[in-house]
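Engineer: Provided below: data_1.cif, containing mmCIF, C-alpha atoms.
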```cif
data_target
#
loop_
_atom_site.label_atom_id
_atom_site.label_comp_id
_atom_site.auth_asym_id
_atom_site.auth_seq_id
_atom_site.Cartn_x
_atom_site.Cartn_y
_atom_site.Cartn_z
CA MET R 1483 -31.07 -22.69 17.62
CA SER R 1484 -28.68 -25.55 18.34
CA GLN R 1485 -26.31 -25.29 21.24
CA GLY R 1486 -22.98 -23.69 20.42
CA HIS R 1487 -24.41 -21.93 17.39
CA ARG R 1488 -23.35 -18.31 17.47
CA SER R 1489 -26.13 -15.78 17.24
CA GLU R 1490 -26.49 -13.38 14.37
CA GLU R 1491 -25.16 -9.98 15.28
CA VAL R 1492 -25.08 -6.82 13.17
CA VAL R 1493 -21.76 -4.99 13.41
CA ARG R 1494 -21.37 -1.47 12.01
CA VAL R 1495 -18.02 -0.78 10.39
CA ASN R 1496 -16.45 2.19 8.63
CA LEU R 1497 -15.58 1.51 5.00
CA LEU R 1498 -12.70 3.01 3.06
CA PHE R 1499 -12.19 2.83 -0.69
CA PHE R 1500 -8.96 3.46 -2.55
CA ALA R 1501 -7.76 3.85 -6.11
CA LYS R 1502 -9.99 2.07 -8.66
CA SER R 1503 -12.48 0.98 -5.99
CA ARG R 1504 -12.84 4.61 -4.87
CA GLU R 1505 -13.46 5.72 -8.47
CA LEU R 1506 -16.04 2.99 -9.11
CA VAL R 1507 -17.94 3.65 -5.87
CA GLY R 1508 -17.65 7.41 -6.20
CA THR R 1509 -16.74 7.99 -2.57
CA SER R 1510 -13.70 7.38 -0.39
CA SER R 1511 -15.52 6.38 2.79
CA LEU R 1512 -18.83 5.28 4.27
CA ASP R 1513 -19.44 5.12 8.02
CA ASN R 1514 -21.70 2.75 9.99
CA PHE R 1515 -21.96 0.15 7.25
CA PRO R 1516 -23.91 -2.85 8.64
CA LEU R 1517 -22.48 -6.36 8.37
CA ALA R 1518 -24.51 -9.39 9.43
CA THR R 1519 -22.04 -11.50 11.39
CA SER R 1520 -22.19 -14.71 13.31
CA GLY R 1521 -21.30 -13.74 16.86
CA GLY R 1522 -19.08 -10.93 15.54
CA HIS R 1523 -17.29 -13.20 13.05
CA LEU R 1524 -17.42 -13.07 9.27
CA SER R 1525 -15.04 -14.27 6.56
CA GLY R 1526 -13.20 -11.72 4.44
CA SER R 1527 -15.03 -12.90 1.32
CA ALA R 1528 -18.41 -12.48 3.05
CA VAL R 1529 -17.41 -8.95 4.06
CA LEU R 1530 -16.43 -8.22 0.49
CA GLY R 1531 -19.63 -9.85 -0.77
CA THR R 1532 -21.77 -7.62 1.44
CA ILE R 1533 -19.89 -4.54 0.24
CA CYS R 1534 -20.43 -5.64 -3.39
CA GLU R 1535 -24.18 -6.05 -2.77
CA ARG R 1536 -24.35 -2.43 -1.65
CA PHE R 1537 -21.99 -1.28 -4.43
CA PRO R 1538 -22.57 -3.59 -7.45
CA GLU R 1539 -20.09 -1.51 -9.46
CA LEU R 1540 -17.35 -3.26 -7.43
CA VAL R 1541 -18.27 -6.70 -8.76
CA ALA R 1542 -16.05 -6.06 -11.80
CA ILE R 1543 -12.92 -5.91 -9.62
CA ARG R 1544 -14.03 -8.17 -6.79
CA ASP R 1545 -11.60 -10.96 -7.67
CA SER R 1546 -8.60 -8.64 -7.81
CA VAL R 1547 -9.00 -6.86 -4.47
CA ILE R 1548 -8.40 -7.82 -0.87
CA ILE R 1549 -9.55 -6.03 2.27
CA ALA R 1550 -7.77 -4.63 5.27
CA HIS R 1551 -9.28 -4.82 8.75
CA ASN R 1552 -8.10 -2.13 11.15
CA GLU R 1553 -5.02 -1.49 8.98
CA GLN R 1554 -4.10 -5.19 8.68
CA TYR R 1555 -4.31 -7.00 5.36
CA CYS R 1556 -6.74 -9.92 5.20
CA GLU R 1557 -5.05 -11.59 2.27
CA ASP R 1558 -6.70 -14.97 2.82
CA LEU R 1559 -10.35 -14.05 2.37
CA THR R 1560 -11.50 -17.44 3.61
CA GLU R 1561 -10.25 -16.63 7.12
CA PRO R 1562 -12.85 -15.45 9.64
CA ILE R 1563 -12.46 -11.87 10.88
CA SER R 1564 -13.46 -10.85 14.38
CA LEU R 1565 -15.42 -7.61 13.99
CA ALA R 1566 -16.65 -4.93 16.39
CA ASP R 1567 -18.63 -1.71 15.96
CA GLY R 1568 -16.42 1.11 14.69
CA ASP R 1569 -13.85 -1.19 13.05
CA GLU R 1570 -12.31 0.01 9.81
CA ILE R 1571 -12.61 -2.08 6.64
CA ALA R 1572 -10.70 -0.91 3.57
CA VAL R 1573 -11.07 -2.20 0.03
CA ILE R 1574 -7.51 -2.70 -1.22
CA PRO R 1575 -6.87 -3.02 -4.97
CA PRO R 1576 -3.38 -4.27 -5.98
CA ILE R 1577 -0.85 -1.79 -4.63
CA ALA R 1578 1.59 0.21 -6.75
CA GLY R 1579 3.86 2.12 -4.40
CA GLY R 1580 7.46 3.04 -5.15
CA MET Q 575 15.68 7.11 14.25
CA ASN Q 576 13.16 6.24 11.58
CA TYR Q 577 12.12 9.22 9.48
CA LEU Q 578 8.90 8.26 7.72
CA LYS Q 579 6.82 10.64 5.66
CA LEU Q 580 4.06 10.82 3.07
CA THR Q 581 4.01 14.19 1.41
CA PHE Q 582 2.38 16.07 -1.43
CA ASP Q 583 5.54 18.17 -1.79
CA LYS Q 584 8.47 17.52 -4.09
CA LEU Q 585 11.02 15.15 -2.52
CA GLU Q 586 14.43 16.64 -1.90
CA VAL Q 587 17.04 13.87 -1.91
CA GLY Q 588 19.64 16.05 -0.18
CA GLU Q 589 17.32 16.76 2.74
CA ILE Q 590 16.62 13.06 3.32
CA ASN Q 591 20.34 12.33 3.05
CA ASP Q 592 21.01 14.93 5.75
CA LEU Q 593 18.29 13.46 8.00
CA VAL Q 594 20.04 10.08 8.18
CA ALA Q 595 23.63 11.39 8.29
CA HIS Q 596 25.48 10.58 11.52
CA GLU Q 597 29.05 11.07 12.74
CA SER Q 598 29.41 7.36 13.63
CA CYS Q 599 28.52 6.27 10.09
CA GLY Q 600 30.79 5.79 7.10
CA ALA Q 601 27.97 5.16 4.66
CA ILE Q 602 24.62 6.46 3.53
CA SER Q 603 22.88 4.45 0.83
CA LEU Q 604 20.03 5.96 -1.14
CA PHE Q 605 17.38 4.60 -3.44
CA VAL Q 606 15.44 7.12 -5.49
CA GLY Q 607 12.42 5.82 -7.37
CA THR Q 608 11.52 8.13 -10.24
CA THR Q 609 8.56 8.33 -12.58
CA ARG Q 610 9.07 7.04 -16.12
CA ASP Q 611 7.67 8.70 -19.22
CA ASN Q 612 6.62 5.51 -21.02
CA PHE Q 613 4.74 2.27 -20.54
CA ASP Q 614 4.08 -0.35 -23.21
CA GLY Q 615 4.98 2.12 -25.94
CA LYS Q 616 2.56 4.71 -24.56
CA THR Q 617 3.64 8.16 -23.49
CA VAL Q 618 3.04 8.83 -19.81
CA VAL Q 619 2.39 12.49 -19.16
CA LEU Q 620 1.47 12.41 -15.48
CA LEU Q 621 1.30 10.12 -12.49
CA GLU Q 622 -1.12 10.33 -9.58
CA TYR Q 623 -0.34 8.66 -6.25
CA GLU Q 624 -2.67 8.04 -3.35
CA ALA Q 625 -2.21 6.18 -0.05
CA TYR Q 626 -4.08 4.63 2.82
CA GLU Q 627 -1.99 6.98 4.88
CA ALA Q 628 -2.29 5.55 8.40
CA MET Q 629 -1.71 2.01 7.20
CA ALA Q 630 1.09 3.07 4.85
CA LEU Q 631 2.99 4.65 7.74
CA LYS Q 632 2.37 1.55 9.83
CA THR Q 633 3.72 -0.79 7.14
CA MET Q 634 6.71 1.55 6.53
CA ASN Q 635 7.43 1.28 10.25
CA GLN Q 636 7.25 -2.52 10.03
CA ILE Q 637 9.81 -2.40 7.20
CA CYS Q 638 12.12 -0.36 9.47
CA GLU Q 639 11.78 -2.96 12.22
CA GLU Q 640 12.61 -5.70 9.75
CA LEU Q 641 15.68 -3.77 8.51
CA ARG Q 642 16.94 -3.27 12.06
CA ALA Q 643 16.46 -6.97 12.86
CA ARG Q 644 18.41 -8.00 9.77
CA TRP Q 645 21.12 -5.29 9.92
CA PRO Q 646 21.45 -4.35 13.60
CA ASP Q 647 24.20 -1.78 12.97
CA ILE Q 648 21.92 0.50 10.94
CA LYS Q 649 21.82 3.99 12.45
CA HIS Q 650 19.04 5.98 10.78
CA ILE Q 651 16.40 5.11 8.18
CA GLY Q 652 14.46 7.58 6.05
CA ILE Q 653 11.53 6.57 3.84
CA HIS Q 654 9.66 9.41 2.13
CA HIS Q 655 6.92 8.71 -0.39
CA ARG Q 656 5.34 11.41 -2.50
CA LEU Q 657 1.57 11.54 -3.09
CA GLY Q 658 -0.64 13.45 -5.49
CA THR Q 659 0.57 14.49 -8.91
CA VAL Q 660 4.17 13.62 -9.70
CA PRO Q 661 5.53 14.88 -13.05
CA VAL Q 662 7.72 12.44 -14.99
CA LYS Q 663 11.40 12.28 -14.00
CA GLU Q 664 10.72 13.40 -10.43
CA ALA Q 665 11.16 11.20 -7.36
CA SER Q 666 8.13 9.31 -6.07
CA VAL Q 667 10.03 7.59 -3.28
CA VAL Q 668 13.36 8.09 -1.51
CA ILE Q 669 14.85 5.56 0.89
CA ALA Q 670 18.01 6.45 2.82
CA VAL Q 671 19.89 4.30 5.32
CA SER Q 672 23.03 5.14 7.30
CA SER Q 673 25.38 2.55 8.81
CA PRO Q 674 28.97 2.42 10.10
CA HIS Q 675 30.06 0.46 7.00
CA ARG Q 676 28.58 0.35 3.52
CA LYS Q 677 27.49 -3.30 3.33
CA SER Q 678 24.56 -2.96 5.74
CA SER Q 679 23.14 0.21 4.26
CA LEU Q 680 23.48 -1.00 0.65
CA GLU Q 681 21.73 -4.28 1.37
CA ALA Q 682 19.11 -2.67 3.57
CA VAL Q 683 18.08 -0.12 0.95
CA HIS Q 684 17.60 -2.86 -1.65
CA PHE Q 685 15.53 -4.93 0.78
CA ALA Q 686 13.48 -1.89 1.82
CA ILE Q 687 12.33 -0.91 -1.67
CA ASP Q 688 11.36 -4.51 -2.48
CA GLU Q 689 9.33 -4.71 0.73
CA LEU Q 690 7.74 -1.32 0.13
CA LYS Q 691 6.49 -2.46 -3.28
CA LYS Q 692 5.10 -5.61 -1.67
CA SER Q 693 3.36 -4.20 1.37
CA VAL Q 694 2.83 -0.43 1.58
CA PRO Q 695 -0.73 0.56 0.55
CA VAL Q 696 0.01 3.19 -2.08
CA TRP Q 697 -1.59 3.35 -5.52
CA LYS Q 698 -0.46 4.92 -8.77
CA LYS Q 699 -2.40 5.94 -11.83
CA GLU Q 700 -0.67 6.68 -15.10
CA GLN Q 701 -2.17 9.31 -17.40
CA TYR Q 702 -1.28 8.79 -21.04
CA ALA Q 703 -1.00 11.25 -23.89
CA ASP Q 704 -4.12 11.92 -25.95
CA GLY Q 705 -5.35 9.16 -28.22
CA GLU Q 706 -3.47 6.41 -26.38
CA GLY Q 707 -6.17 5.40 -23.89
CA CYS Q 708 -6.53 7.89 -21.08
CA SER Q 709 -5.32 6.37 -17.82
CA GLU Q 710 -4.58 3.16 -15.95
CA TRP Q 711 -4.13 2.04 -12.33
CA LYS Q 712 -0.80 0.27 -12.03
CA GLU Q 713 -0.07 -2.92 -10.08
CA ASN Q 714 3.29 -3.88 -8.59
CA LYS Q 715 4.28 -7.39 -9.64
CA GLU Q 716 5.61 -7.80 -6.07
CA CYS Q 717 2.06 -7.38 -4.73
CA SER Q 718 0.79 -10.89 -4.01
CA TRP Q 719 -2.77 -10.14 -5.16
CA SER Q 720 -1.74 -8.35 -8.36
CA LYS Q 721 -2.67 -9.92 -11.69
CA SER Q 722 0.92 -10.55 -12.77
CA HIS Q 723 1.79 -12.14 -9.43
CA ARG Q 724 -1.26 -14.41 -9.61
CA ASP Q 725 -0.53 -15.37 -13.23
CA ASN Q 726 3.01 -16.39 -12.27
CA HIS Q 727 1.96 -18.35 -9.20
CA ILE Q 728 -0.88 -20.52 -10.43
CA LEU Q 729 -3.11 -21.11 -7.44
#
```
Please render this file's structure as structure tokens.
Structural biologist:
Amino acid sequence: MSQGHRSEEVVRVNLLFFAKSRELVGTSSLDNFPLATSGGHLSGSAVLGTICERFPELVAIRDSVIIAHNEQYCEDLTEPISLADGDEIAVIPPIAGG
Amino acid sequence: MNYLKLTFDKLEVGEINDLVAHESCGAISLFVGTTRDNFDGKTVVLLEYEAYEAMALKTMNQICEELRARWPDIKHIGIHHRLGTVPVKEASVVIAVSSPHRKSSLEAVHFAIDELKKSVPVWKKEQYADGEGCSEWKENKECSWSKSHRDNHIL
């Protein structure tokens, strides 16, 4: 491995699903979901991609959802997220409050 | 004080008004969002709300901070959002703001509902009358990752 290359590290996060994503997946949460990260970092789209591999039924809405990491929106899915065991990742379809 | 609540109970506008009332204030402004009985010519019989509760309360609190930064004379803020089944015509959200004079509270309430639609993780599903296509998850146009928002802001 070249110098400065961050090592692969599996981080286990707790997933939450809401609204249409909850209906499609058939559950509202899943604990200890493994994510293969690079030194604890992974882009939002890679997180979403891993979730969609486990739950292919989400592929249909993949382009219309974002995720939240520890109750913070990750609206720009290209941005890297710094992840640790026990973090919370929520699948967030377009909101409709009010 | 900020009075923030997510509740499965019916919202009582008078109660929220009384929460924000204060002897130093000459104004309470209220916004009451109610559930409509129609969409796109279809009859809506029922609405179901759900929330990412912890994050919803956090974002409601951020809205309060923003209101107080913009209108420092605000006294109390109340934001109550109903969850679960809401029959048509009933309130799904009530926002109440008290201030010494009316300008601050009027402007703050308007700003608060716009921000709520943009940022608070709450979802709504409309159930339609028989034969009109059963149900649909709604999307606020204010939500930056909603379809209508994306269509209007070509990326």
Engineer: Listing only residues of chain Q within 6 Å of chain R, what is the closest atom pair and its distance in Å (to one decimal) for each, using all atoms listed in the file, sorted by chain and residue number ascending, as CSV?
Structural biologist:
```
residue,atom,partner,partner_atom,distance
Q:Met629,CA,R:Glu1553,CA,5.1
Q:Val667,CA,R:Gly1580,CA,5.6
Q:Lys691,CA,R:Gly1579,CA,5.4
Q:Pro695,CA,R:Ile1577,CA,5.7
Q:Val696,CA,R:Gly1579,CA,4.6
Q:Trp697,CA,R:Ala1578,CA,4.6
Q:Lys698,CA,R:Ala1578,CA,5.5
Q:Lys712,CA,R:Ala1578,CA,5.8
Q:Glu713,CA,R:Ala1578,CA,4.9
Q:Asn714,CA,R:Ala1578,CA,4.8
Q:Trp719,CA,R:Pro1576,CA,6.0
Q:Ser720,CA,R:Pro1576,CA,5.0
```
Engineer: To one decimal place in Å, what is the distance between atom CA of Q:Met575 and atom CA of Q:Asp647?
Structural biologist: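 Calculated distance between atom CA of Q:Met575 and atom CA of Q:Asp647 is 12.4 Å.
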Engineer: Considering only C-alpha atoms, return as an MDAnalysis selection string whatever protein or nucleic-acid residues lie within 10 Å of R:Gly1521, sequence-local ones (same chain, fewer than 6 positions apart) excluded.
Structural biologist: chainID R and resid 1487:1493 1564:1566
Engineer: Taking the file as I've supplied it (selection: the PyMOL selection byres ((chain R and resi 1495) around 6)), which residues are included? Please answer as a list in words.
Structural biologist: Arg1494, Asn1496, Asn1514, Phe1515, Asp1567, Gly1568, Asp1569 and Glu1570 of chain R
Engineer: Create the file for the chosen residues now, containing C-alpha atoms and written as a compact mmCIF listing (two decimals), in the coordinates of the input.
Structural biologist:
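This is the output file part-v4.txt:
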```txt
# COMPACT_ATOMS: atom_id res chain seq x y z
CA ARG R 1494 -21.37 -1.47 12.01
CA ASN R 1496 -16.45 2.19 8.63
CA ASN R 1514 -21.70 2.75 9.99
CA PHE R 1515 -21.96 0.15 7.25
CA ASP R 1567 -18.63 -1.71 15.96
CA GLY R 1568 -16.42 1.11 14.69
CA ASP R 1569 -13.85 -1.19 13.05
CA GLU R 1570 -12.31 0.01 9.81
```
Engineer: Using Å and a single decimal, report how far atom CA of R:Glu1535 sits from atom CA of R:Ile1563.
Structural biologist: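 Between atom CA of R:Ile1563 and atom CA of R:Glu1535 the gap works out to 18.9 Å.
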Engineer: Counting only C-alpha atoms, which of R:Ile1571, R:Cys1556, R:Ile1549, R:Ile1533 gets nearest to R:Val1507?
Structural biologist: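 Looking at the shortest contact to R:Val1507, the residue is R:Ile1533.
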Engineer: Specify as a PyMOL selection string each residue included when the PyMOL selection byres ((chain Q and resi 586) around 10) is applied to this file.
Structural biologist: chain Q and resi 583-585+587-591+654+664-665+668
Engineer: What's the 8 Å shell around Q:Ile669, counting all atoms listed in the file, without same-chain residues fewer than 2 positions away, as a PyMOL selection string?
Structural biologist: chain Q and resi 604-606+651-654+667+671+683+686-687
Engineer: Give me, please, the distance in Å between atom CA of Q:Asn612 and atom CA of Q:Lys663, quoted to one decimal.
Structural biologist: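 These two atoms are separated by 10.9 Å.
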Engineer: To test your reading of the syntax: which residues would the PyMOL selection byres ((chain Q and resi 633) around 10) return for the file shown? Reply as a ChimeraX atom specification.
Structural biologist: /R:1553-1554 /Q:627-632,634-639,689-690,693-695
